[in-house]
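Novice: Data file coords_15.cif (mmCIF, C-alpha atoms) is appended below.
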data_work
#
loop_
_atom_site.label_atom_id
_atom_site.label_comp_id
_atom_site.auth_asym_id
_atom_site.auth_seq_id
_atom_site.Cartn_x
_atom_site.Cartn_y
_atom_site.Cartn_z
CA MET F 17 215.24 4.03 31.88
CA MET F 18 217.72 2.23 34.08
CA MET F 19 219.77 -0.62 32.54
CA ASN F 20 220.76 -3.56 34.78
CA MET F 21 223.61 -5.99 34.27
CA GLN F 22 223.52 -9.26 36.19
CA GLY F 23 226.17 -11.80 37.08
CA ALA F 24 225.75 -15.01 38.98
CA LEU F 25 228.02 -16.96 41.30
CA SER F 26 226.97 -20.40 42.58
CA SER F 27 228.67 -22.90 44.92
CA SER F 28 227.71 -26.10 46.76
CA SER F 29 227.76 -26.23 50.55
CA GLY F 30 229.64 -28.99 52.35
CA GLY F 31 226.89 -29.68 54.93
CA GLY F 32 225.08 -32.97 55.27
CA GLY F 33 221.83 -31.35 54.11
CA GLY F 34 222.97 -31.02 50.51
CA GLY F 35 222.64 -27.24 50.44
CA VAL F 36 223.21 -25.06 47.36
CA VAL F 37 223.98 -21.33 47.61
CA LYS F 38 223.48 -18.83 44.78
CA GLU F 39 224.44 -15.17 44.90
CA THR F 40 223.24 -12.67 42.33
CA ALA F 41 224.53 -9.06 42.25
CA ALA F 42 222.33 -6.44 40.62
CA ARG F 43 224.37 -3.49 39.31
CA GLY F 44 222.96 0.01 39.04
CA PRO F 45 222.82 3.18 41.16
CA SER F 46 224.28 2.73 44.63
CA SER F 47 220.86 3.21 46.21
CA MET F 48 219.48 0.25 44.24
CA ARG F 49 222.42 -2.16 44.45
CA ALA F 50 221.44 -5.40 46.20
CA LEU F 51 222.88 -8.81 46.90
CA LYS F 52 220.35 -11.65 46.87
CA THR F 53 221.38 -14.87 48.63
CA THR F 54 219.27 -17.96 48.07
CA THR F 55 219.99 -21.07 50.17
CA THR F 56 218.32 -24.33 49.20
CA THR F 57 218.49 -27.23 51.65
CA LYS F 58 217.09 -30.70 51.13
CA ASN F 59 216.08 -32.82 54.09
CA THR F 60 214.44 -36.20 54.50
CA PHE F 61 211.49 -36.79 56.83
CA THR F 62 209.56 -39.91 57.72
CA VAL F 63 205.97 -40.58 58.77
CA GLY F 64 205.12 -39.07 62.16
CA GLN F 65 207.69 -36.27 62.15
CA LYS F 66 206.79 -32.61 62.49
CA VAL F 67 207.69 -30.40 59.57
CA PRO F 68 207.88 -26.57 59.56
CA PRO F 69 205.25 -25.06 57.23
CA THR F 70 207.94 -23.19 55.29
CA TYR F 71 209.21 -26.47 53.90
CA TYR F 72 208.25 -27.74 50.47
CA TYR F 73 207.65 -31.38 49.82
CA LYS F 74 207.64 -33.62 46.79
CA GLY F 75 204.97 -36.30 46.89
CA GLY F 76 203.67 -38.94 44.51
CA GLY F 77 203.47 -37.89 40.87
CA GLY F 78 206.29 -35.38 41.28
CA ALA F 79 203.99 -32.54 42.35
CA GLU F 80 205.53 -29.95 44.67
CA ARG F 81 203.44 -27.95 47.12
CA ARG F 82 204.08 -25.87 50.20
CA GLY F 83 203.90 -27.81 53.43
CA ASP F 84 201.14 -25.56 54.83
CA ALA F 85 199.05 -25.98 51.67
CA HIS F 86 198.42 -29.63 52.46
CA ALA F 87 195.46 -30.40 54.72
CA THR F 88 197.62 -32.16 57.29
CA ARG F 89 200.11 -29.29 57.45
CA ALA F 90 200.27 -26.36 59.81
CA LYS F 91 197.50 -23.78 59.80
CA THR F 92 199.73 -20.80 60.59
CA THR F 93 203.35 -19.92 59.96
CA ARG F 94 204.12 -20.56 63.62
CA ASP F 95 202.76 -24.11 63.67
CA PHE F 96 204.20 -27.39 62.50
CA GLY F 97 202.66 -29.96 60.19
CA VAL F 98 202.85 -33.69 60.76
CA VAL F 99 203.98 -36.11 58.09
CA ASP F 100 201.52 -38.93 57.47
CA ALA F 101 201.38 -41.83 55.06
CA ASP F 102 199.56 -39.78 52.41
CA ASP F 103 202.54 -37.46 52.08
CA VAL F 104 204.99 -40.19 51.23
CA ASP F 105 205.77 -41.19 47.66
CA LYS F 106 204.21 -44.59 47.04
CA LYS F 107 207.36 -45.80 45.30
CA ALA F 108 209.55 -44.95 48.29
CA THR F 109 207.38 -45.21 51.37
CA THR F 110 209.93 -43.86 53.82
CA PHE F 111 211.43 -41.00 51.82
CA THR F 112 209.94 -37.60 51.22
CA THR F 113 212.03 -34.63 50.15
CA PHE F 114 211.42 -31.21 51.66
CA THR F 115 213.14 -28.06 50.48
CA THR F 116 213.26 -24.64 52.09
CA THR F 117 214.30 -21.42 50.39
CA GLN F 118 215.42 -18.27 52.19
CA ASN F 119 216.07 -14.97 50.45
CA VAL F 120 218.22 -12.35 52.15
CA THR F 121 218.76 -8.87 50.70
CA HIS F 122 221.84 -6.89 51.78
CA ASN F 123 221.96 -3.22 50.86
CA VAL F 124 221.82 -0.08 52.95
CA GLY F 125 220.40 2.03 50.12
CA TRP F 126 217.66 -0.50 49.39
CA LYS F 127 216.69 -0.74 53.08
CA MET F 128 216.58 3.06 53.34
CA MET F 129 214.26 3.21 50.33
CA GLN F 130 211.97 0.54 51.84
CA LYS F 131 211.96 2.37 55.18
CA LYS F 132 211.03 5.61 53.42
CA ARG F 133 208.22 3.86 51.53
CA GLY F 134 206.89 2.45 54.83
CA SER F 135 206.97 5.92 56.42
CA MET F 136 204.99 7.33 53.49
CA GLN F 137 202.37 4.57 53.84
CA LYS F 138 201.98 5.29 57.54
CA HIS F 139 201.64 9.01 56.82
CA GLU F 140 198.98 8.36 54.19
CA ALA F 141 197.15 6.06 56.59
CA LEU F 142 197.10 8.78 59.25
CA MET F 143 195.80 11.28 56.68
CA GLY F 144 192.99 8.84 55.83
CA ARG F 145 194.11 8.32 52.24
CA ARG F 146 194.91 4.59 52.47
CA PRO F 147 194.81 1.87 55.12
CA SER F 148 198.02 0.76 56.78
CA ALA F 149 199.08 -2.64 55.45
CA SER F 150 200.48 -3.68 58.82
CA ALA F 151 197.64 -2.45 61.01
CA GLY F 152 195.51 -5.59 60.58
CA ALA F 153 198.48 -7.89 61.09
CA THR F 154 199.54 -6.02 64.23
CA PHE F 155 196.04 -6.27 65.70
CA MET F 156 195.79 -10.01 64.99
CA ASP F 157 199.23 -10.63 66.48
CA SER F 158 198.21 -8.78 69.63
CA PHE F 159 194.89 -10.59 69.79
CA SER F 160 196.59 -13.97 69.31
CA LYS F 161 198.80 -13.22 72.32
CA PHE F 162 195.72 -12.21 74.35
CA SER F 163 193.94 -15.40 73.27
CA ALA F 164 196.91 -17.51 74.41
CA VAL F 165 197.05 -15.80 77.83
CA PHE F 166 193.27 -16.09 78.27
CA SER F 167 193.36 -19.80 77.40
CA ASN F 168 196.30 -20.42 79.74
CA LEU F 169 194.17 -19.10 82.60
CA PHE F 170 191.44 -21.66 81.84
CA PRO F 171 191.79 -23.40 85.26
CA LEU F 172 191.40 -20.06 87.05
CA TRP F 173 188.23 -19.15 85.13
CA THR F 174 186.81 -22.60 85.93
CA VAL F 175 187.42 -22.24 89.68
CA LEU F 176 185.98 -18.71 89.73
CA SER F 177 182.86 -19.85 87.88
CA ALA F 178 182.35 -22.75 90.30
CA ALA F 179 182.87 -20.46 93.30
CA LEU F 180 180.31 -17.99 91.93
CA ALA F 181 177.82 -20.81 91.34
CA LEU F 182 178.26 -22.10 94.90
CA THR F 183 177.85 -18.70 96.56
CA LYS F 184 175.27 -17.17 94.18
CA PRO F 185 173.51 -20.00 92.33
CA ALA F 186 170.72 -17.67 91.21
CA PHE F 187 173.23 -15.94 88.92
CA PHE F 188 173.05 -18.99 86.59
CA ASN F 189 169.25 -19.19 86.41
CA PHE F 190 169.52 -18.37 82.71
CA MET F 191 171.09 -21.79 82.09
CA THR F 192 168.00 -23.57 80.81
CA THR F 193 168.12 -26.71 78.67
CA PRO F 194 168.06 -24.78 75.35
CA THR F 195 170.86 -22.53 76.63
CA ILE F 196 172.98 -25.52 77.61
CA THR F 197 172.42 -27.05 74.17
CA PHE F 198 173.43 -23.78 72.49
CA CYS F 199 176.61 -23.46 74.60
CA LEU F 200 177.66 -27.03 73.82
CA ALA F 201 176.94 -26.57 70.11
CA LEU F 202 178.91 -23.32 69.96
CA LEU F 203 181.81 -25.01 71.79
CA MET F 204 181.90 -27.81 69.21
CA PHE F 205 181.56 -25.38 66.30
CA SER F 206 184.56 -23.40 67.55
CA MET F 207 186.57 -26.64 67.39
CA GLY F 208 185.12 -27.68 64.03
CA ILE F 209 186.49 -24.72 62.09
CA THR F 210 190.02 -25.69 63.16
CA LEU F 211 189.67 -29.11 61.49
CA THR F 212 189.70 -30.46 57.94
CA VAL F 213 188.25 -33.54 56.27
CA ASP F 214 191.74 -34.99 55.98
CA ASP F 215 192.16 -34.74 59.76
CA PHE F 216 189.25 -37.15 60.22
CA LEU F 217 190.35 -39.42 57.37
CA ARG F 218 193.73 -39.70 59.06
CA VAL F 219 192.13 -40.68 62.38
CA PHE F 220 189.80 -43.20 60.73
CA LYS F 221 192.92 -45.08 59.67
CA LYS F 222 193.58 -45.72 63.38
CA PRO F 223 190.44 -47.48 64.68
CA ASP F 224 192.54 -49.18 67.36
CA VAL F 225 193.13 -45.83 69.06
CA ILE F 226 189.41 -45.06 69.18
CA GLY F 227 188.74 -48.60 70.44
CA LEU F 228 191.23 -48.23 73.29
CA GLY F 229 189.72 -44.86 74.23
CA PHE F 230 186.29 -46.52 74.34
CA LEU F 231 187.68 -49.27 76.59
CA TYR F 232 189.23 -46.78 79.01
CA CYS F 233 185.98 -44.80 79.14
CA TYR F 234 183.67 -47.72 79.90
CA GLY F 235 186.09 -50.23 81.43
CA VAL F 236 188.79 -48.43 83.36
CA MET F 237 186.82 -45.45 84.67
CA PRO F 238 183.84 -47.38 86.17
CA ALA F 239 186.22 -49.83 87.85
CA LEU F 240 188.32 -46.94 89.14
CA ALA F 241 185.23 -45.22 90.57
CA PHE F 242 184.19 -48.47 92.31
CA PHE F 243 187.58 -49.01 93.98
CA ILE F 244 188.11 -45.35 94.97
CA GLY F 245 184.62 -45.03 96.45
CA ASN F 246 185.01 -48.19 98.52
CA ALA F 247 188.55 -47.33 99.60
CA ILE F 248 187.50 -43.90 100.89
CA GLY F 249 184.34 -45.28 102.48
CA LEU F 250 181.61 -43.38 100.67
CA SER F 251 178.02 -44.08 101.66
CA GLY F 252 175.81 -46.14 99.35
CA PRO F 253 174.14 -43.26 97.46
CA LEU F 254 177.40 -41.35 97.01
CA LEU F 255 179.19 -44.52 95.84
CA ALA F 256 176.40 -45.15 93.33
CA GLY F 257 176.69 -41.58 92.07
CA LEU F 258 180.47 -41.85 91.69
CA ILE F 259 180.15 -45.11 89.70
CA LEU F 260 177.55 -43.41 87.52
CA VAL F 261 180.08 -40.65 86.77
CA GLY F 262 182.62 -43.28 85.73
CA SER F 263 180.04 -44.97 83.49
CA ILE F 264 179.02 -42.02 81.32
CA ASN F 265 180.46 -40.73 78.08
CA GLY F 266 183.35 -38.33 77.53
CA GLY F 267 182.61 -34.62 77.80
CA GLN F 268 182.64 -32.12 74.96
CA ALA F 269 184.98 -29.85 76.92
CA SER F 270 187.71 -32.44 76.30
CA ASN F 271 187.86 -31.30 72.66
CA LEU F 272 188.69 -27.77 73.77
CA CYS F 273 191.35 -29.04 76.19
CA ALA F 274 192.89 -31.16 73.41
CA TYR F 275 193.04 -28.05 71.23
CA ILE F 276 194.70 -25.95 73.94
CA ALA F 277 197.18 -28.76 74.67
CA LYS F 278 197.98 -28.93 70.92
CA GLY F 279 196.74 -32.50 70.87
CA ASP F 280 194.87 -34.32 68.11
CA VAL F 281 191.53 -32.49 68.04
CA ALA F 282 190.07 -34.71 65.29
CA LEU F 283 190.86 -37.80 67.37
CA SER F 284 189.35 -36.13 70.43
CA VAL F 285 186.11 -35.31 68.58
CA LEU F 286 185.79 -38.87 67.25
CA MET F 287 186.48 -40.35 70.69
CA THR F 288 183.82 -38.11 72.21
CA THR F 289 181.35 -39.07 69.50
CA ALA F 290 182.09 -42.80 69.91
CA THR F 291 181.64 -42.75 73.68
CA THR F 292 178.51 -40.59 73.40
CA ILE F 293 176.88 -43.08 71.03
CA GLY F 294 178.16 -45.97 73.16
CA CYS F 295 176.54 -44.43 76.21
CA ILE F 296 173.17 -45.55 74.84
CA PHE F 297 173.89 -49.17 75.79
CA MET F 298 177.07 -49.10 77.94
CA THR F 299 175.81 -46.86 80.77
CA PRO F 300 172.63 -48.89 81.43
CA LEU F 301 174.66 -52.13 81.26
CA ILE F 302 177.30 -50.95 83.75
CA CYS F 303 174.70 -49.54 86.15
CA LYS F 304 172.79 -52.83 86.08
CA LEU F 305 175.91 -54.92 86.72
CA ALA F 306 177.56 -52.65 89.31
CA LEU F 307 174.56 -51.12 91.08
CA GLY F 308 171.70 -53.49 90.33
CA ALA F 309 169.81 -50.46 89.09
CA ILE F 310 167.97 -50.15 85.81
CA VAL F 311 168.88 -46.87 84.18
CA ASP F 312 166.68 -46.22 81.20
CA VAL F 313 168.63 -44.13 78.70
CA ASN F 314 166.48 -42.75 75.89
CA ALA F 315 168.35 -44.09 72.86
CA ILE F 316 166.50 -41.94 70.34
CA GLY F 317 166.87 -38.83 72.47
CA MET F 318 170.58 -39.53 73.01
CA ALA F 319 171.14 -39.99 69.28
CA ILE F 320 169.31 -36.75 68.47
CA SER F 321 171.27 -34.85 71.12
CA THR F 322 174.56 -36.23 69.76
CA ILE F 323 173.64 -35.10 66.26
CA LYS F 324 172.58 -31.63 67.41
CA VAL F 325 175.33 -30.96 69.93
CA VAL F 326 178.34 -32.74 68.39
CA LEU F 327 177.98 -33.80 64.76
CA VAL F 328 176.13 -30.85 63.18
CA PRO F 329 178.35 -28.09 64.69
CA VAL F 330 181.55 -29.97 63.81
CA VAL F 331 180.43 -30.76 60.26
CA LEU F 332 179.39 -27.14 59.77
CA GLY F 333 182.77 -25.93 61.03
CA VAL F 334 184.72 -28.35 58.83
CA THR F 335 182.62 -27.32 55.81
CA LEU F 336 183.34 -23.64 56.42
CA ASN F 337 187.03 -24.47 56.76
CA LYS F 338 186.85 -26.19 53.38
CA VAL F 339 184.94 -23.39 51.63
CA THR F 340 186.56 -20.35 53.24
CA PRO F 341 189.90 -21.45 54.75
CA LYS F 342 191.34 -17.92 54.87
CA THR F 343 188.36 -16.65 56.85
CA CYS F 344 188.62 -19.57 59.27
CA ARG F 345 192.33 -18.91 59.76
CA THR F 346 191.50 -15.27 60.51
CA VAL F 347 188.92 -16.11 63.19
CA GLU F 348 190.86 -19.07 64.63
CA PRO F 349 192.44 -16.98 67.45
CA PHE F 350 188.87 -16.38 68.67
CA CYS F 351 188.10 -20.11 68.94
CA PRO F 352 189.89 -20.84 72.24
CA ILE F 353 188.25 -17.80 73.85
CA VAL F 354 184.78 -18.90 72.72
CA GLY F 355 185.43 -22.46 73.89
CA VAL F 356 186.73 -21.40 77.30
CA ILE F 357 183.80 -19.02 77.88
CA MET F 358 181.24 -21.67 76.91
CA THR F 359 182.89 -24.28 79.14
CA VAL F 360 183.09 -21.90 82.10
CA ILE F 361 179.39 -21.04 81.72
CA LEU F 362 178.47 -24.73 81.51
CA VAL F 363 180.48 -25.50 84.65
CA GLY F 364 178.78 -22.69 86.54
CA GLY F 365 175.32 -23.75 85.38
CA SER F 366 175.87 -27.37 86.40
CA VAL F 367 177.29 -26.48 89.82
CA ALA F 368 174.51 -23.97 90.54
CA GLN F 369 171.86 -26.68 90.15
CA CYS F 370 173.35 -28.65 93.03
CA ALA F 371 175.11 -26.02 95.12
CA ASP F 372 173.67 -27.13 98.47
CA GLY F 373 174.51 -30.77 97.84
CA ILE F 374 178.12 -29.93 96.95
CA LEU F 375 178.60 -27.76 100.06
CA ASN F 376 177.21 -30.51 102.30
CA ALA F 377 178.98 -33.42 100.58
CA GLY F 378 182.04 -33.35 102.79
CA VAL F 379 185.75 -33.77 102.13
CA LYS F 380 185.56 -37.48 101.30
CA LEU F 381 183.51 -36.95 98.15
CA GLN F 382 185.75 -34.09 97.03
CA ILE F 383 188.82 -36.33 97.37
CA ALA F 384 187.07 -39.21 95.60
CA ALA F 385 186.03 -37.06 92.61
CA PHE F 386 189.49 -35.49 92.39
CA MET F 387 191.23 -38.89 92.46
CA LEU F 388 188.85 -40.34 89.86
CA HIS F 389 189.70 -37.69 87.25
CA LEU F 390 193.40 -37.51 88.16
CA LEU F 391 194.00 -41.27 88.00
CA GLY F 392 191.81 -41.50 84.90
CA GLY F 393 194.12 -39.07 83.12
CA VAL F 394 197.24 -40.91 84.31
CA LEU F 395 195.95 -44.32 83.21
CA GLY F 396 194.69 -42.91 79.92
CA TYR F 397 198.14 -41.51 79.16
CA TRP F 398 200.27 -44.49 80.17
CA GLY F 399 197.71 -46.94 78.83
CA MET F 400 198.49 -45.59 75.36
CA LYS F 401 202.19 -45.12 76.05
CA VAL F 402 202.77 -48.83 76.67
CA PHE F 403 201.46 -49.54 73.16
CA LYS F 404 204.05 -47.14 71.69
CA TYR F 405 201.55 -44.54 70.47
CA SER F 406 202.75 -41.02 69.74
CA GLU F 407 202.99 -38.39 72.48
CA THR F 408 200.18 -36.40 70.88
CA THR F 409 197.89 -39.44 70.88
CA CYS F 410 198.77 -40.24 74.52
CA ARG F 411 197.95 -36.71 75.63
CA THR F 412 194.66 -36.70 73.74
CA CYS F 413 193.60 -40.04 75.24
CA ALA F 414 194.55 -38.87 78.74
CA ILE F 415 192.32 -35.82 78.41
CA GLU F 416 189.48 -37.87 76.93
CA THR F 417 189.65 -40.45 79.72
CA ALA F 418 189.86 -37.92 82.55
CA MET F 419 187.02 -35.69 81.35
CA LYS F 420 183.47 -37.00 81.60
CA SER F 421 180.10 -35.54 80.69
CA SER F 422 179.28 -34.98 84.35
CA ALA F 423 176.31 -32.75 83.56
CA PHE F 424 174.71 -35.67 81.73
CA GLY F 425 175.42 -37.89 84.75
CA PHE F 426 173.60 -35.36 86.91
CA LEU F 427 170.60 -35.54 84.57
CA LEU F 428 170.53 -39.37 84.65
CA ALA F 429 170.81 -39.40 88.45
CA SER F 430 167.94 -36.92 88.73
CA LEU F 431 165.70 -38.98 86.43
CA HIS F 432 166.42 -42.55 87.53
CA PHE F 433 167.57 -42.52 91.18
CA PRO F 434 165.08 -41.44 93.86
CA GLU F 435 167.85 -40.73 96.39
CA PHE F 436 168.98 -37.09 96.10
CA LEU F 437 172.57 -37.83 97.17
CA VAL F 438 173.15 -39.95 94.05
CA ARG F 439 173.25 -36.82 91.90
CA VAL F 440 175.74 -34.96 94.14
CA PRO F 441 178.91 -36.77 92.87
CA SER F 442 178.06 -35.69 89.33
CA ALA F 443 177.82 -32.07 90.45
CA VAL F 444 181.15 -32.33 92.32
CA SER F 445 182.67 -34.06 89.31
CA VAL F 446 181.77 -31.14 87.04
CA VAL F 447 184.23 -28.93 88.91
CA TRP F 448 187.11 -31.40 89.26
CA MET F 449 186.70 -32.68 85.70
CA ALA F 450 186.99 -29.16 84.28
CA VAL F 451 189.87 -28.20 86.60
CA MET F 452 191.83 -31.38 85.87
CA GLY F 453 191.29 -31.20 82.12
CA SER F 454 192.16 -27.52 81.87
CA MET F 455 195.31 -27.99 83.97
CA MET F 456 196.51 -30.85 81.77
CA ALA F 457 195.84 -28.75 78.69
CA VAL F 458 197.74 -25.71 79.95
CA VAL F 459 200.72 -27.71 81.27
CA TRP F 460 201.11 -29.68 78.05
CA ARG F 461 200.75 -26.51 76.00
CA PHE F 462 204.18 -25.45 77.30
CA ILE F 463 205.84 -28.85 76.85
CA PRO F 464 206.80 -29.33 73.18
CA VAL F 465 206.38 -32.72 71.57
CA GLU F 466 209.77 -33.85 70.29
CA GLY F 467 210.00 -35.62 66.96
CA GLU F 468 206.33 -35.07 66.02
#
Produce structure tokens that represent the structure in this file.

Specialist:
Amino acid sequence: MMMNMQGALSSSSGGGGGGVVKETAARGPSSMRALKTTTTTKNTFTVGQKVPPTYYYKGGGGAERRGDAHATRAKTTRDFGVVDADDVDKKATTFTTFTTTQNVTHNVGWKMMQKKRGSMQKHEALMGRRPSASAGATFMDSFSKFSAVFSNLFPLWTVLSAALALTKPAFFNFMTTPTITFCLALLMFSMGITLTVDDFLRVFKKPDVIGLGFLYCYGVMPALAFFIGNAIGLSGPLLAGLILVGSINGGQASNLCAYIAKGDVALSVLMTTATTIGCIFMTPLICKLALGAIVDVNAIGMAISTIKVVLVPVVLGVTLNKVTPKTCRTVEPFCPIVGVIMTVILVGGSVAQCADGILNAGVKLQIAAFMLHLLGGVLGYWGMKVFKYSETTCRTCAIETAMKSSAFGFLLASLHFPEFLVRVPSAVSVVWMAVMGSMMAVVWRFIPVEGE
């Protein structure tokens, strides 16, 4: 049996972080001799700052937990958590202590032994005697990289799907109403498993943000559609269709774009839900005031659709995240791929239903639809920025404002306007809405948010 003798040497660092360094030498055979260096650094963070998941924090009651163990923390070791009011000690509302510990082992003999052990494990894995411990991790790392690349090409997939729908609309004949419902539900479920109950509780503490998003959806966007349509000189039916697009609720694809852009997905989901429920009375009111038309929106049917397409999938996803968080973290790299595929299929199905109308609409309508979604995103972003909201909130609101449920607008136009051309702007909007939203998501994905 090997006997070990230990000695310890500790010293305080002179940095502003209050670091403490401890070195412990383990004596024994040269192949086992190691030097363990532990560095402890204390830092202070305030509400709204981003915190690496490797940090520990001390909250109310003196309890210490890892940063990524808290619901508002990062979900993977590569993400960052965000400090909120719940993390701060009630007795000192602006001070929370985080500590990180790093262990470094220096010894050639020890590293050689570890390398030899790893070689033996790989050999046994090849011989079929035991699985390789790193095989699963390597696969998931590779798949995560593929998922990121696939999501970054979201605008390209959207354009290709729209082009296919315009040239071969029969390809999307499988997109019946039940299929559309299933695709939307699966899209929302893929977002739901990335969220927690605390994410929604945090957003509920900011009703003003949801209220402003509601105002931009049903105040700014209809007015913008009215002015753009008149400025470009659209004909009566096309102008009516463009105003209808501005008067409908936010689209479910905005939740996916918020996720890709690393925005506030919980806020995005609640904004979408609020505008979808508000559509029951806001869309008929705006159409009556702006167009003199009576648009009968089935309130009961709208409520049922919202429950089936938005609420149930999200609640199911959040519940699974609560019950089996490790499983959800494992499948999370698949979520963007599922969301992108569902959105691309929905875009193709919507465009295919009105392919002839889109091709014959002319350049004016294309410019009008493009400007509506572009300026909607710009106003949604700066409309929140002037009120000093966080960068993440501004990005989320921009995506929510720019992206509309154009497929629903197409359905309303088909049911309540006898003129065929009224439904064409909704079909054109499907393409530009998806392209604009996906481009914002991908661009912002590569622009880090400082101080959050």

Novice: For the atom pair atom CA of F:Leu258 and atom CA of F:Gly393, what is the interatomic distance in Å to one decimal place?

Specialist: 16.4 Å

Novice: Each side padded by 8 Å, which centre and which edge lengths in Å (one decimal) define the axis-aligned box around the listed atoms of stretch 397-415 of chain F? Give them as lines of an AutoDock Vina configuration file.

Specialist:
center_x = 198.2
center_y = -42.7
center_z = 75.0
size_x = 27.7
size_y = 29.7
size_z = 26.4

Novice: Report the residues retrieved by the PyMOL selection byres ((chain F and resi 429) around 8) from the displayed file, expressed as a ChimeraX atom specification.

Specialist: /F:257,260,425-428,430-433,438-439

Novice: Can you list, as a VMD selection string, the residues that the PyMOL selection byres ((chain F and resi 264) around 12) selects here?

Specialist: chain F and resid 230 232 to 238 241 257 to 263 265 to 267 288 290 to 303 311 313 417 to 429 442 445

Novice: If you apply the PyMOL selection byres ((chain F and resi 190-203) around 6) to this file, what residues do you get, as a PyMOL selection string?

Specialist: chain F and resi 188-189+204-206+325+329+355+358+365

Novice: Restrict the selected residues to C-alpha atoms and save them as a CSV table (one decimal), keeping the file's coordinate frame.

Specialist:
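Wrote it out as selection19.csv, contents follow:
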chain,number,residue,atom,x,y,z
F,188,PHE,CA,173.0,-19.0,86.6
F,189,ASN,CA,169.2,-19.2,86.4
F,204,MET,CA,181.9,-27.8,69.2
F,205,PHE,CA,181.6,-25.4,66.3
F,206,SER,CA,184.6,-23.4,67.6
F,325,VAL,CA,175.3,-31.0,69.9
F,329,PRO,CA,178.4,-28.1,64.7
F,355,GLY,CA,185.4,-22.5,73.9
F,358,MET,CA,181.2,-21.7,76.9
F,365,GLY,CA,175.3,-23.8,85.4

Novice: Can you tell me how far atom CA of F:Ser284 sits from atom CA of F:Thr343, in Å to one decimal?

Specialist: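 About the pair atom CA of F:Ser284 and atom CA of F:Thr343: they are 23.8 Å apart.
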
Novice: Calculated over all atoms listed in the file, which of the candidates F:Lys338, F:Arg345, F:Arg411, F:Lys184 has the smallest distance to F:Ser270?

Specialist: F:Arg411

Novice: For F:His389, which of F:Ala179, F:Ile415, F:Leu255, F:Val328 is the closest residue, counting all atoms listed in the file?

Specialist: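 Of F:Ala179, F:Ile415, F:Leu255, F:Val328, the one nearest F:His389 is F:Ile415, counting all atoms listed in the file.
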
Novice: One decimal, in Å: what's the spacing between atom CA of F:Val447 and atom CA of F:Ile374?

Specialist: 10.1 Å

Novice: Mind checking which residues fall within 12 Å of stretch 247-252 of chain F, counting only C-alpha atoms, ignoring those fewer than 6 positions away in the same chain, and posting them as a ChimeraX atom specification?

Specialist: /F:240-241,258-259,307,377-385,387-388,435-438,441

Novice: Quick one: residues within 9 Å of F:Ile276, all atoms listed in the file, excluding same-chain residues fewer than 6 positions away - as a VMD selection string?

Specialist: chain F and resid 164 167 to 168 352 454 457 to 458 460 to 461

Novice: Please provide as a list in words all residues within 12 Å of F:Ser160, with the sequence filter that same-chain residues fewer than 4 positions apart are discarded (counting all atoms listed in the file).

Specialist: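 Listing them by chain and then by number gives Thr92, Arg94, Ala153, Thr154, Phe155, Met156, Ala164, Val165, Phe166, Ser167, Arg345, Thr346, Val347, Glu348, Pro349, Phe350, Cys351, Pro352 and Ile353 of chain F.
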
Novice: Contacts of stretch 398-410 of chain F at 9 Å or less, counting all atoms listed in the file, minus same-chain residues fewer than 5 places along, as an mmCIF file with C-alpha atoms, in the frame of the given file?

Specialist:
data_model
loop_
_atom_site.group_PDB
_atom_site.id
_atom_site.type_symbol
_atom_site.label_atom_id
_atom_site.label_comp_id
_atom_site.auth_asym_id
_atom_site.auth_seq_id
_atom_site.Cartn_x
_atom_site.Cartn_y
_atom_site.Cartn_z
ATOM 1 C CA GLY F 64 205.120 -39.070 62.160
ATOM 2 C CA VAL F 225 193.130 -45.830 69.060
ATOM 3 C CA LEU F 228 191.230 -48.230 73.290
ATOM 4 C CA GLY F 229 189.720 -44.860 74.230
ATOM 5 C CA TYR F 232 189.230 -46.780 79.010
ATOM 6 C CA LYS F 278 197.980 -28.930 70.920
ATOM 7 C CA GLY F 279 196.740 -32.500 70.870
ATOM 8 C CA ASP F 280 194.870 -34.320 68.110
ATOM 9 C CA LEU F 283 190.860 -37.800 67.370
ATOM 10 C CA GLY F 393 194.120 -39.070 83.120
ATOM 11 C CA ILE F 415 192.320 -35.820 78.410
ATOM 12 C CA VAL F 465 206.380 -32.720 71.570
ATOM 13 C CA GLU F 466 209.770 -33.850 70.290
ATOM 14 C CA GLU F 468 206.330 -35.070 66.020
#

Novice: Taking all atoms listed in the file into account, name the residue in F:Ile463, F:Val451, F:Leu362, F:Ala277 that is nearest to F:Phe386.

Specialist: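 Closest residue, counting all atoms listed in the file: F:Val451.
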
Novice: My list of candidates is F:Gly373, F:Gly308, F:Pro185, F:Gly208. Which is closest to F:Val444 when distances are computed with only C-alpha atoms?

Specialist: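 The closest residue to F:Val444 is F:Gly373.
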
Novice: If I only want stretch 188-200 of chain F, can you write it with C-alpha atoms, as a PDB file, in the first residue's frame?

Specialist:
ATOM      1  CA  PHE F 188     -47.162  20.804 -51.444  1.00  0.00           C
ATOM      2  CA  ASN F 189     -50.572  19.202 -51.976  1.00  0.00           C
ATOM      3  CA  PHE F 190     -49.998  17.237 -48.769  1.00  0.00           C
ATOM      4  CA  MET F 191     -50.312  20.469 -46.761  1.00  0.00           C
ATOM      5  CA  THR F 192     -53.902  20.035 -45.620  1.00  0.00           C
ATOM      6  CA  THR F 193     -55.364  21.810 -42.587  1.00  0.00           C
ATOM      7  CA  PRO F 194     -54.525  18.947 -40.171  1.00  0.00           C
ATOM      8  CA  THR F 195     -50.967  18.865 -41.529  1.00  0.00           C
ATOM      9  CA  ILE F 196     -50.560  22.610 -41.023  1.00  0.00           C
ATOM     10  CA  THR F 197     -51.853  22.271 -37.463  1.00  0.00           C
ATOM     11  CA  PHE F 198     -49.403  19.435 -36.780  1.00  0.00           C
ATOM     12  CA  CYS F 199     -46.442  21.400 -38.186  1.00  0.00           C
ATOM     13  CA  LEU F 200     -47.284  24.458 -36.084  1.00  0.00           C
TER      14      LEU F 200
END
